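A short write-up of the structure that comes next.
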Amino acid sequence: MSLGPAITLTNVSVQYGTRAALLDASLEIPAGSLFAIMGLSGAGKSTLLRSINRLVTPTAGQVRVGDIDVTALDAAGLRRFRQNTTAMVFQNFGLLPHRNTIDNVAFPLRLQGQAAGPARAAAKSWLERFGLAAVTAASPATLSAGMRQRVGLARALVTDAPVLLMDEPFSALDPITRRAMQDETKGLQRDLGKTVVIITHDPREAFRIADRIAVVHAGRIVQSATPDELRSRPANEHVAALLAAADL
């Protein structure tokens with residue numbers, strides 16, 4: 001099994017007008033790891049995640065995914081990178097309301113130019129893997145939140161992109177479904193060897209699923225470590241307070 005690529009951010013900053021959303025962020029995400037980015041609302045977590053696939057373009061610094069300098073890509077190169085190297089799962093599921101379940105999952109393959117038949121066959125295989133074979137013709141509006149999130153995950157995985165970016169994907173789910181989706185994600189990452197980067201504001205979620213965790217505060221990465229290292233040696237009072245609030 002080949003592992004997904006390592007991801008390196010070097011001195012990345014993102015400025016929105018006069019507001020700095022990310023400040024001089026440097027981070028190493030190991031190849032084939034499940035990496036959590038944790039912090040309070042507004043800390044800069046999603047900005048950091050979206051700088052990896054340049055949904056947000058850094059004001060300064062460099063982002064590398066494997067051998068690819070993402071910050072140097074032109075429009076055509078960036079489009080290929082997003083289609084082939086990264087996939088994304090959104091907090092609000094991001095499903096297309098006018099397409100049924102199977103066509104939502106097949107959509108990224110159709111964007112790559114695959115014919116409808118093979119694309120739908122690949123989509124059907126992933127839906128079956130997630131226990132959704134009975135709802136292939138259903139519209140997203142008729143599905144439960146847990147089902148919609150599984151459809152979103154199937155759509156992200158159908159292209160076999162080696163990097164999976166997940167922006168607070170479980171925050172809208174009930175506790176039981178949330179735990180099941182955490183387990184599902186951890187199992188898939190282990191089985192497929194992808195590099196998975198997940199945003200969360202929940203320290204318990206980060207500690208439960210991640211190999212390593214970066215803590216973001218006020219636009220800065222204040223610590224990057226394993227869960228055990230964070231627990232035993234928090235870098236500052238903010239990290240310690242986050243863990244204490246979660247009783248970790």
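Residue numbers start at 1 in each chain; chains themselves are named A, B, ... in the order of the structure tokens; ligands are numbered from 1 in the order shown.
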
Excluding same-chain residues fewer than 3 positions from region 41-55 of chain A, what lies within 8 Å of it counting only C-alpha atoms, as a PDB file with N, CA and C atoms, in the first residue's frame?
```pdb
ATOM      1  N   VAL A  14      -2.054  34.374   5.780  1.00  0.00           N
ATOM      2  CA  VAL A  14      -3.235  34.723   4.985  1.00  0.00           C
ATOM      3  C   VAL A  14      -3.825  35.994   5.573  1.00  0.00           C
ATOM      4  N   ALA A  21      -5.685  36.240   9.144  1.00  0.00           N
ATOM      5  CA  ALA A  21      -6.359  34.996   9.500  1.00  0.00           C
ATOM      6  C   ALA A  21      -5.368  33.900   9.858  1.00  0.00           C
ATOM      7  N   LEU A  22      -4.149  34.000   9.296  1.00  0.00           N
ATOM      8  CA  LEU A  22      -3.105  33.020   9.557  1.00  0.00           C
ATOM      9  C   LEU A  22      -1.774  33.755   9.559  1.00  0.00           C
ATOM     10  N   ILE A  37      -6.287  19.301  13.108  1.00  0.00           N
ATOM     11  CA  ILE A  37      -6.008  20.708  13.390  1.00  0.00           C
ATOM     12  C   ILE A  37      -7.112  21.187  14.312  1.00  0.00           C
ATOM     13  N   MET A  38      -6.740  21.605  15.501  1.00  0.00           N
ATOM     14  CA  MET A  38      -7.691  21.853  16.574  1.00  0.00           C
ATOM     15  C   MET A  38      -7.573  23.293  17.055  1.00  0.00           C
ATOM     16  N   PRO A  58      -2.556  31.755   0.007  1.00  0.00           N
ATOM     17  CA  PRO A  58      -1.708  32.426   1.002  1.00  0.00           C
ATOM     18  C   PRO A  58      -1.192  33.779   0.509  1.00  0.00           C
ATOM     19  N   VAL A  63       3.250  26.254   0.325  1.00  0.00           N
ATOM     20  CA  VAL A  63       2.583  25.000   0.648  1.00  0.00           C
ATOM     21  C   VAL A  63       3.051  23.947  -0.343  1.00  0.00           C
ATOM     22  N   ARG A  64       3.560  22.829   0.172  1.00  0.00           N
ATOM     23  CA  ARG A  64       3.972  21.713  -0.675  1.00  0.00           C
ATOM     24  C   ARG A  64       3.188  20.474  -0.286  1.00  0.00           C
ATOM     25  N   VAL A  65       2.695  19.770  -1.291  1.00  0.00           N
ATOM     26  CA  VAL A  65       2.043  18.473  -1.104  1.00  0.00           C
ATOM     27  C   VAL A  65       2.870  17.464  -1.887  1.00  0.00           C
ATOM     28  N   VAL A  70       2.222  23.862  -4.257  1.00  0.00           N
ATOM     29  CA  VAL A  70       0.847  24.278  -4.541  1.00  0.00           C
ATOM     30  C   VAL A  70       0.766  25.783  -4.755  1.00  0.00           C
ATOM     31  N   THR A  71       1.577  26.538  -4.041  1.00  0.00           N
ATOM     32  CA  THR A  71       1.527  27.997  -4.138  1.00  0.00           C
ATOM     33  C   THR A  71       2.030  28.502  -5.487  1.00  0.00           C
ATOM     34  N   LEU A  78      -3.562  24.048 -10.902  1.00  0.00           N
ATOM     35  CA  LEU A  78      -4.343  23.990  -9.670  1.00  0.00           C
ATOM     36  C   LEU A  78      -5.610  23.164  -9.880  1.00  0.00           C
ATOM     37  N   PHE A  81      -4.566  19.567  -9.826  1.00  0.00           N
ATOM     38  CA  PHE A  81      -4.204  19.206  -8.458  1.00  0.00           C
ATOM     39  C   PHE A  81      -5.448  18.907  -7.636  1.00  0.00           C
ATOM     40  N   ARG A  82      -6.452  19.769  -7.741  1.00  0.00           N
ATOM     41  CA  ARG A  82      -7.683  19.551  -6.971  1.00  0.00           C
ATOM     42  C   ARG A  82      -8.453  18.329  -7.448  1.00  0.00           C
ATOM     43  N   THR A  86      -6.148  15.990  -4.249  1.00  0.00           N
ATOM     44  CA  THR A  86      -6.890  16.241  -3.018  1.00  0.00           C
ATOM     45  C   THR A  86      -8.382  16.034  -3.224  1.00  0.00           C
ATOM     46  N   LEU A 165      -9.052  16.125   2.775  1.00  0.00           N
ATOM     47  CA  LEU A 165      -9.178  17.290   3.656  1.00  0.00           C
ATOM     48  C   LEU A 165     -10.607  17.333   4.185  1.00  0.00           C
ATOM     49  N   ASP A 167     -13.260  19.394   6.728  1.00  0.00           N
ATOM     50  CA  ASP A 167     -13.483  20.637   7.459  1.00  0.00           C
ATOM     51  C   ASP A 167     -14.652  20.463   8.434  1.00  0.00           C
ATOM     52  N   VAL A 197      -6.329  15.132   6.703  1.00  0.00           N
ATOM     53  CA  VAL A 197      -6.231  16.310   7.567  1.00  0.00           C
ATOM     54  C   VAL A 197      -7.653  16.702   7.945  1.00  0.00           C
ATOM     55  N   ILE A 199     -10.242  19.065  10.466  1.00  0.00           N
ATOM     56  CA  ILE A 199     -10.426  20.214  11.341  1.00  0.00           C
ATOM     57  C   ILE A 199     -11.450  19.854  12.411  1.00  0.00           C
ATOM     58  N   HIS A 201     -13.038  21.454  16.462  1.00  0.00           N
ATOM     59  CA  HIS A 201     -12.926  22.302  17.647  1.00  0.00           C
ATOM     60  C   HIS A 201     -13.048  21.470  18.918  1.00  0.00           C
ATOM     61  N   VAL A 216      -4.177  25.533  16.897  1.00  0.00           N
ATOM     62  CA  VAL A 216      -4.123  26.866  16.293  1.00  0.00           C
ATOM     63  C   VAL A 216      -4.828  27.838  17.232  1.00  0.00           C
ATOM     64  N   HIS A 217      -4.188  28.980  17.454  1.00  0.00           N
ATOM     65  CA  HIS A 217      -4.761  30.006  18.331  1.00  0.00           C
ATOM     66  C   HIS A 217      -4.423  31.378  17.764  1.00  0.00           C
ATOM     67  N   ALA A 218      -5.466  32.173  17.524  1.00  0.00           N
ATOM     68  CA  ALA A 218      -5.289  33.542  17.016  1.00  0.00           C
ATOM     69  C   ALA A 218      -4.421  33.576  15.763  1.00  0.00           C
ATOM     70  N   GLY A 219      -4.645  32.606  14.869  1.00  0.00           N
ATOM     71  CA  GLY A 219      -3.946  32.585  13.590  1.00  0.00           C
ATOM     72  C   GLY A 219      -2.566  31.983  13.615  1.00  0.00           C
ATOM     73  N   ARG A 220      -2.128  31.508  14.764  1.00  0.00           N
ATOM     74  CA  ARG A 220      -0.785  30.935  14.882  1.00  0.00           C
ATOM     75  C   ARG A 220      -0.861  29.469  15.305  1.00  0.00           C
TER      76      ARG A 220
END
```

Please return as a PDB file with N, CA and C atoms, in the first residue's frame: the residues of region 47-234 of chain A that backbone DSSP assigns to strand (DSSP E or B).
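As a result, out10.pdb now contains:
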```
ATOM      1  N   ALA A  60       1.526  34.957   1.882  1.00  0.00           N
ATOM      2  CA  ALA A  60       2.974  34.732   1.931  1.00  0.00           C
ATOM      3  C   ALA A  60       3.217  33.282   2.314  1.00  0.00           C
ATOM      4  N   GLY A  61       4.424  32.794   2.003  1.00  0.00           N
ATOM      5  CA  GLY A  61       4.803  31.441   2.385  1.00  0.00           C
ATOM      6  C   GLY A  61       4.586  30.422   1.279  1.00  0.00           C
ATOM      7  N   GLN A  62       4.838  29.166   1.605  1.00  0.00           N
ATOM      8  CA  GLN A  62       4.791  28.088   0.617  1.00  0.00           C
ATOM      9  C   GLN A  62       4.031  26.887   1.188  1.00  0.00           C
ATOM     10  N   VAL A  63       3.250  26.254   0.325  1.00  0.00           N
ATOM     11  CA  VAL A  63       2.583  25.000   0.648  1.00  0.00           C
ATOM     12  C   VAL A  63       3.051  23.947  -0.343  1.00  0.00           C
ATOM     13  N   ARG A  64       3.560  22.829   0.172  1.00  0.00           N
ATOM     14  CA  ARG A  64       3.972  21.713  -0.675  1.00  0.00           C
ATOM     15  C   ARG A  64       3.188  20.474  -0.286  1.00  0.00           C
ATOM     16  N   VAL A  65       2.695  19.770  -1.291  1.00  0.00           N
ATOM     17  CA  VAL A  65       2.043  18.473  -1.104  1.00  0.00           C
ATOM     18  C   VAL A  65       2.870  17.464  -1.887  1.00  0.00           C
ATOM     19  N   ILE A  68       4.791  18.663  -5.058  1.00  0.00           N
ATOM     20  CA  ILE A  68       4.067  19.750  -5.714  1.00  0.00           C
ATOM     21  C   ILE A  68       4.118  21.014  -4.868  1.00  0.00           C
ATOM     22  N   ASP A  69       4.601  22.105  -5.462  1.00  0.00           N
ATOM     23  CA  ASP A  69       4.536  23.417  -4.826  1.00  0.00           C
ATOM     24  C   ASP A  69       3.171  24.014  -5.181  1.00  0.00           C
ATOM     25  N   THR A  86      -6.148  15.990  -4.249  1.00  0.00           N
ATOM     26  CA  THR A  86      -6.890  16.241  -3.018  1.00  0.00           C
ATOM     27  C   THR A  86      -8.382  16.034  -3.224  1.00  0.00           C
ATOM     28  N   ALA A  87      -9.041  15.661  -2.129  1.00  0.00           N
ATOM     29  CA  ALA A  87     -10.507  15.628  -2.084  1.00  0.00           C
ATOM     30  C   ALA A  87     -10.914  16.284  -0.779  1.00  0.00           C
ATOM     31  N   MET A  88     -12.155  16.796  -0.729  1.00  0.00           N
ATOM     32  CA  MET A  88     -12.557  17.563   0.452  1.00  0.00           C
ATOM     33  C   MET A  88     -13.945  17.150   0.916  1.00  0.00           C
ATOM     34  N   VAL A  89     -14.100  17.062   2.234  1.00  0.00           N
ATOM     35  CA  VAL A  89     -15.395  16.807   2.866  1.00  0.00           C
ATOM     36  C   VAL A  89     -15.740  18.041   3.688  1.00  0.00           C
ATOM     37  N   VAL A 163      -4.867  12.584  -0.861  1.00  0.00           N
ATOM     38  CA  VAL A 163      -5.011  13.507   0.267  1.00  0.00           C
ATOM     39  C   VAL A 163      -6.497  13.791   0.475  1.00  0.00           C
ATOM     40  N   LEU A 164      -6.945  13.644   1.728  1.00  0.00           N
ATOM     41  CA  LEU A 164      -8.336  13.908   2.074  1.00  0.00           C
ATOM     42  C   LEU A 164      -8.367  15.022   3.113  1.00  0.00           C
ATOM     43  N   LEU A 165      -9.052  16.125   2.775  1.00  0.00           N
ATOM     44  CA  LEU A 165      -9.178  17.290   3.656  1.00  0.00           C
ATOM     45  C   LEU A 165     -10.607  17.333   4.185  1.00  0.00           C
ATOM     46  N   MET A 166     -10.759  17.438   5.511  1.00  0.00           N
ATOM     47  CA  MET A 166     -12.077  17.348   6.131  1.00  0.00           C
ATOM     48  C   MET A 166     -12.274  18.547   7.062  1.00  0.00           C
ATOM     49  N   ASP A 167     -13.260  19.394   6.728  1.00  0.00           N
ATOM     50  CA  ASP A 167     -13.483  20.637   7.459  1.00  0.00           C
ATOM     51  C   ASP A 167     -14.652  20.463   8.434  1.00  0.00           C
ATOM     52  N   THR A 195      -3.286  10.465   3.274  1.00  0.00           N
ATOM     53  CA  THR A 195      -2.975  11.531   4.214  1.00  0.00           C
ATOM     54  C   THR A 195      -4.271  12.278   4.474  1.00  0.00           C
ATOM     55  N   VAL A 196      -4.747  12.215   5.707  1.00  0.00           N
ATOM     56  CA  VAL A 196      -6.034  12.813   6.069  1.00  0.00           C
ATOM     57  C   VAL A 196      -5.785  13.967   7.034  1.00  0.00           C
ATOM     58  N   VAL A 197      -6.329  15.132   6.703  1.00  0.00           N
ATOM     59  CA  VAL A 197      -6.231  16.310   7.567  1.00  0.00           C
ATOM     60  C   VAL A 197      -7.653  16.702   7.945  1.00  0.00           C
ATOM     61  N   ILE A 198      -7.929  16.714   9.250  1.00  0.00           N
ATOM     62  CA  ILE A 198      -9.283  16.969   9.719  1.00  0.00           C
ATOM     63  C   ILE A 198      -9.292  18.152  10.683  1.00  0.00           C
ATOM     64  N   ILE A 199     -10.242  19.065  10.466  1.00  0.00           N
ATOM     65  CA  ILE A 199     -10.426  20.214  11.341  1.00  0.00           C
ATOM     66  C   ILE A 199     -11.450  19.854  12.411  1.00  0.00           C
ATOM     67  N   THR A 200     -11.167  20.238  13.646  1.00  0.00           N
ATOM     68  CA  THR A 200     -12.134  20.035  14.719  1.00  0.00           C
ATOM     69  C   THR A 200     -11.938  21.086  15.801  1.00  0.00           C
ATOM     70  N   ARG A 212      -1.381  12.789  15.031  1.00  0.00           N
ATOM     71  CA  ARG A 212      -0.762  14.026  15.518  1.00  0.00           C
ATOM     72  C   ARG A 212      -1.806  15.131  15.484  1.00  0.00           C
ATOM     73  N   ILE A 213      -1.575  16.162  16.298  1.00  0.00           N
ATOM     74  CA  ILE A 213      -2.524  17.262  16.431  1.00  0.00           C
ATOM     75  C   ILE A 213      -1.752  18.579  16.409  1.00  0.00           C
ATOM     76  N   ALA A 214      -2.253  19.535  15.621  1.00  0.00           N
ATOM     77  CA  ALA A 214      -1.740  20.905  15.682  1.00  0.00           C
ATOM     78  C   ALA A 214      -2.804  21.774  16.344  1.00  0.00           C
ATOM     79  N   VAL A 215      -2.394  22.599  17.281  1.00  0.00           N
ATOM     80  CA  VAL A 215      -3.301  23.529  17.951  1.00  0.00           C
ATOM     81  C   VAL A 215      -3.082  24.914  17.360  1.00  0.00           C
ATOM     82  N   VAL A 216      -4.177  25.533  16.897  1.00  0.00           N
ATOM     83  CA  VAL A 216      -4.123  26.866  16.293  1.00  0.00           C
ATOM     84  C   VAL A 216      -4.828  27.838  17.232  1.00  0.00           C
ATOM     85  N   HIS A 217      -4.188  28.980  17.454  1.00  0.00           N
ATOM     86  CA  HIS A 217      -4.761  30.006  18.331  1.00  0.00           C
ATOM     87  C   HIS A 217      -4.423  31.378  17.764  1.00  0.00           C
ATOM     88  N   ARG A 220      -2.128  31.508  14.764  1.00  0.00           N
ATOM     89  CA  ARG A 220      -0.785  30.935  14.882  1.00  0.00           C
ATOM     90  C   ARG A 220      -0.861  29.469  15.305  1.00  0.00           C
ATOM     91  N   ILE A 221       0.066  28.673  14.803  1.00  0.00           N
ATOM     92  CA  ILE A 221       0.204  27.299  15.276  1.00  0.00           C
ATOM     93  C   ILE A 221       1.040  27.350  16.552  1.00  0.00           C
ATOM     94  N   VAL A 222       0.415  26.993  17.661  1.00  0.00           N
ATOM     95  CA  VAL A 222       1.113  27.127  18.942  1.00  0.00           C
ATOM     96  C   VAL A 222       1.733  25.808  19.397  1.00  0.00           C
ATOM     97  N   GLN A 223       1.272  24.679  18.839  1.00  0.00           N
ATOM     98  CA  GLN A 223       1.901  23.397  19.159  1.00  0.00           C
ATOM     99  C   GLN A 223       1.487  22.363  18.125  1.00  0.00           C
ATOM    100  N   SER A 224       2.413  21.474  17.784  1.00  0.00           N
ATOM    101  CA  SER A 224       2.138  20.324  16.927  1.00  0.00           C
ATOM    102  C   SER A 224       2.821  19.127  17.564  1.00  0.00           C
ATOM    103  N   ALA A 225       2.030  18.091  17.904  1.00  0.00           N
ATOM    104  CA  ALA A 225       2.575  16.990  18.690  1.00  0.00           C
ATOM    105  C   ALA A 225       1.642  15.793  18.624  1.00  0.00           C
TER     106      ALA A 225
END
```

Using only C-alpha atoms, which protein or nucleic acid residues come within 9 Å of Leu173 (chain A)? Drop anything in the same chain fewer than 5 positions from it, and give the result as a ChimeraX atom specification. /A:145-146,149,178

Based on the selection just made, write N, CA and C atoms of those residues as a compact mmCIF listing (two decimals), in the first residue's frame.
```
# COMPACT_ATOMS: atom_id res chain seq x y z
N ALA A 145 -28.89 13.14 8.32
CA ALA A 145 -27.60 13.83 8.35
C ALA A 145 -26.45 12.83 8.25
N GLY A 146 -26.56 11.71 8.96
CA GLY A 146 -25.51 10.70 8.90
C GLY A 146 -25.35 10.12 7.50
N GLN A 149 -23.65 12.69 5.27
CA GLN A 149 -22.21 12.76 5.50
C GLN A 149 -21.49 11.58 4.88
N ARG A 178 -21.86 10.55 15.12
CA ARG A 178 -20.54 11.20 15.08
C ARG A 178 -19.43 10.21 15.43
```

Step one, run DSSP on the backbone; step two, keep only residues of region 27-167 of chain A assigned to alpha helix (DSSP H); then write them as a PyMOL selection string. chain A and resi 45-52+75-84+101-111+116-129+145-157

Could you dump the residues just selected with C-alpha atoms as an mmCIF file, in the first residue's frame?
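So part_30.cif came out as:
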```cif
data_model
loop_
_atom_site.group_PDB
_atom_site.id
_atom_site.type_symbol
_atom_site.label_atom_id
_atom_site.label_comp_id
_atom_site.auth_asym_id
_atom_site.auth_seq_id
_atom_site.Cartn_x
_atom_site.Cartn_y
_atom_site.Cartn_z
ATOM 1 C CA LYS A 45 -8.217 26.290 11.414
ATOM 2 C CA SER A 46 -10.281 26.316 8.229
ATOM 3 C CA THR A 47 -8.043 28.948 6.647
ATOM 4 C CA LEU A 48 -5.055 26.701 7.284
ATOM 5 C CA LEU A 49 -6.841 23.669 5.810
ATOM 6 C CA ARG A 50 -8.023 25.534 2.730
ATOM 7 C CA SER A 51 -4.554 26.889 2.053
ATOM 8 C CA ILE A 52 -3.493 23.290 1.351
ATOM 9 C CA ALA A 75 -4.913 27.934 -12.919
ATOM 10 C CA ALA A 76 -4.712 24.769 -15.041
ATOM 11 C CA GLY A 77 -2.227 23.113 -12.695
ATOM 12 C CA LEU A 78 -4.343 23.990 -9.670
ATOM 13 C CA ARG A 79 -7.432 22.486 -11.324
ATOM 14 C CA ARG A 80 -5.569 19.218 -12.006
ATOM 15 C CA PHE A 81 -4.204 19.206 -8.458
ATOM 16 C CA ARG A 82 -7.683 19.551 -6.971
ATOM 17 C CA GLN A 83 -9.125 16.890 -9.254
ATOM 18 C CA ASN A 84 -6.379 14.296 -8.817
ATOM 19 C CA THR A 101 -27.179 10.159 -4.405
ATOM 20 C CA ILE A 102 -25.290 8.126 -6.989
ATOM 21 C CA ASP A 103 -24.805 11.105 -9.302
ATOM 22 C CA ASN A 104 -23.518 13.208 -6.389
ATOM 23 C CA VAL A 105 -20.844 10.590 -5.717
ATOM 24 C CA ALA A 106 -20.050 10.160 -9.422
ATOM 25 C CA PHE A 107 -19.772 13.931 -9.989
ATOM 26 C CA PRO A 108 -15.988 14.284 -9.395
ATOM 27 C CA LEU A 109 -15.295 11.475 -11.867
ATOM 28 C CA ARG A 110 -17.522 13.135 -14.460
ATOM 29 C CA LEU A 111 -15.519 16.357 -13.940
ATOM 30 C CA ALA A 116 -21.337 8.177 -17.055
ATOM 31 C CA GLY A 117 -21.381 4.374 -16.898
ATOM 32 C CA PRO A 118 -17.966 3.790 -15.293
ATOM 33 C CA ALA A 119 -18.380 6.831 -13.033
ATOM 34 C CA ARG A 120 -21.719 5.587 -11.716
ATOM 35 C CA ALA A 121 -20.330 2.071 -11.265
ATOM 36 C CA ALA A 122 -17.490 3.423 -9.103
ATOM 37 C CA ALA A 123 -19.967 5.557 -7.161
ATOM 38 C CA LYS A 124 -22.233 2.549 -6.585
ATOM 39 C CA SER A 125 -19.308 0.559 -5.190
ATOM 40 C CA TRP A 126 -18.532 3.233 -2.599
ATOM 41 C CA LEU A 127 -22.194 3.666 -1.670
ATOM 42 C CA GLU A 128 -22.429 -0.073 -1.087
ATOM 43 C CA ARG A 129 -19.324 0.066 1.105
ATOM 44 C CA ALA A 145 -27.601 13.826 8.353
ATOM 45 C CA GLY A 146 -25.511 10.698 8.898
ATOM 46 C CA MET A 147 -26.427 9.381 5.442
ATOM 47 C CA ARG A 148 -25.604 12.713 3.811
ATOM 48 C CA GLN A 149 -22.213 12.763 5.502
ATOM 49 C CA ARG A 150 -21.492 9.226 4.257
ATOM 50 C CA VAL A 151 -22.465 10.314 0.736
ATOM 51 C CA GLY A 152 -20.065 13.273 1.078
ATOM 52 C CA LEU A 153 -17.296 10.952 2.228
ATOM 53 C CA ALA A 154 -17.983 8.512 -0.631
ATOM 54 C CA ARG A 155 -17.806 11.410 -3.108
ATOM 55 C CA ALA A 156 -14.442 12.473 -1.667
ATOM 56 C CA LEU A 157 -13.044 8.944 -1.886
#
```

What is the CA of Gln189 (chain A)-CA of Thr57 (chain A) distance in Å, reported with one decimal?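 Separation of CA of Gln189 (chain A) and CA of Thr57 (chain A): 27.0 Å.
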
Nearest to Pro162 (chain A) by atom-to-atom distance, counting only C-alpha atoms, from A:Ala245, A:Phe207, A:Thr226, A:Gly193: A:Gly193

Who sits within 8 Å of Pro203 (chain A), only C-alpha atoms, same chain under 5 positions skipped, as a ChimeraX atom specification: /A:38,242-243,246

Taking C-alpha atoms for each residue, export the selection above as a PDB file, in the first residue's frame.
```pdb
ATOM      1  CA  MET A  38      -7.691  21.853  16.574  1.00  0.00           C
ATOM      2  CA  LEU A 242      -8.247  23.522  25.965  1.00  0.00           C
ATOM      3  CA  LEU A 243      -7.325  20.107  27.325  1.00  0.00           C
ATOM      4  CA  ALA A 246     -12.299  18.723  27.685  1.00  0.00           C
TER       5      ALA A 246
END
```

Compare A:Leu95, A:Leu34, A:Leu27, A:Ile176 by their minimum atom-to-atom distance to Leu192 (chain A), counting only C-alpha atoms, and give me the closest one.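 Among the listed residues, the smallest separation from Leu192 (chain A) belongs to A:Leu34.
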
Nearest residue to Gly66 (chain A) from the set A:Pro5, A:His98, A:Asp24, A:Gln15 (distances using only C-alpha atoms):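 Going through A:Pro5, A:His98, A:Asp24, A:Gln15 one by one, the smallest distance to Gly66 (chain A) is for A:Pro5.
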
Could you tell me how far CA of Glu168 (chain A) sits from CA of Val56 (chain A), in Å to one decimal place?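 Straight-line distance from CA of Val56 (chain A) to CA of Glu168 (chain A) works out to 16.6 Å.
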
Between A:Lys186, A:Pro97, A:Pro30, A:Glu205, which is the closest to Ala138 (chain A) once you count only C-alpha atoms? A:Pro97

Nearest-residue call for Arg19 (chain A), choices A:Arg99, A:Thr59, A:Pro234, A:Leu248, using only C-alpha atoms: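 Nearest candidate to Arg19 (chain A) out of A:Arg99, A:Thr59, A:Pro234, A:Leu248: A:Thr59.
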
Could you state the separation of CA of Leu3 (chain A) and CA of Arg208 (chain A) in Å, given to one decimal place?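 Taking CA of Leu3 (chain A) and CA of Arg208 (chain A), their separation equals 21.4 Å.
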